[in-house]
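Working notes, beginning with the structure itself.
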Amino acid sequence: MLRALLALSLIVALPLWAAEPRELTWSEMLPADTAPAAPPAAMHDLSKLADALAAETGPAASQQSVAAPVVKALDGQLVKLPGYIVPLDVTEEGRVTEFLLVPYYGACIHVPPPPPNQIIHVTLATPIALGDLWDPYRLAGRLQVKRFDADIASASYDAAAATLTAIHN
C-alpha cells in the first residue's frame with residue numbers, strides 16, 4: 001500500500017516538476033563549437049558619435065552576422081532567461097505585446113545587432129507596461145527554433161505566449 005501511494009505521488013508530481021522552466025544562459029543558445037559574438041564597444045568620446053553613425057549604412061538587419069547556428073535541442077524547452085527588451089509592438093495604452101529579447105542593453109539600437117542566435121522573438125501572453133529600456137527582465141516561455149525577420153534584426157529563436165517579469169537589482 002505504501003509503495004502504491006509513493007508511486008502515485010511520483011506520477012502526480014512528475015508533470016509538475018517537469019513543467020519547471022530551465023534556467024538558460026545566452027551562451028547555451030550557441031552550439032558548443034561556436035564562439036559568442038562580442039557586444040559592441042562602448043563609445044565614451046561622444047564627439048565621435050556623428051562619425052560612427054555616418055559610417056553605418058543600410059538597415060540594421062542587413063549588417064547582422066549571418067553565421068548563426070542554433071541549438072536544435074532547445075526546441076520545445078520551457079526556459080527562463082534574463083535579457084533586455086527591444087519593443088516591436090506597443091498598444092495605444094503603452095503596453096508591449098511583441099519584442100526582441102537581447103543579451104545586453106542597447107542591442108539592435110547599436111548597429112550591427114547581435115547574431116540571430118542571440119536574439120529571441122517574443123510575443124507575450126499578456127501585454128505589460130515596460131519601465132526604462134535599460135531595465136533587465138526575465139523571460140519565461142517555451143522556446144522554439146524558428147526564424148523571425150524584422151527591419152532592425154533577425155532572430156533564430158521564438159517564444160510565443162511567454163511571460164515577462166522585471167529583475168530588480
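Identifiers for the C-alpha cells are assigned positionally: chains receive A, B, ... in sequence, residues are indexed from 1 per chain, and ligands are indexed from 1 in the order shown.
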_Set the distance at 8 Å and use only C-alpha atoms: which residues neighbour segment 81-88 of chain A once local chain neighbours fewer than 4 positions away are removed? I'd like the list as a ChimeraX atom specification._
/A:23-26,96-105,107-108,133-140
Atom CA of Val145 of chain A to atom CA of Pro127 of chain A measures 22.8 Å
Counting only C-alpha atoms, the residue among A:Glu93, A:Asp158, A:Glu28, A:Glu20 that lies closest to Lys146 of chain A is A:Asp158
Quick one: residues within 8 Å of Ala161 of chain A, only C-alpha atoms, excluding same-chain residues fewer than 5 positions away - as a PyMOL selection string?
chain A and resi 122-126+141
Q: Choose the residue, out of A:Arg22, A:Ile119, A:Pro112, A:Ser156, that has the smallest atom-to-atom separation from Val70 of chain A; count only C-alpha atoms.
A: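 Distance minimum relative to Val70 of chain A lands on A:Ser156.
Ranking A:Ala155, A:Pro31, A:Gly76, A:Ile167 by their shortest atom-to-atom distance to Asn117 of chain A, with only C-alpha atoms included, puts A:Ala155 first.
A straight line drawn from atom CA of Ala166 of chain A to atom CA of Ala73 of chain A is 27.4 Å long.
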Of A:Ser27, A:Thr91, A:Pro113, A:Ala19, the one sitting nearest Asp151 of chain A when using only C-alpha atoms is A:Pro113
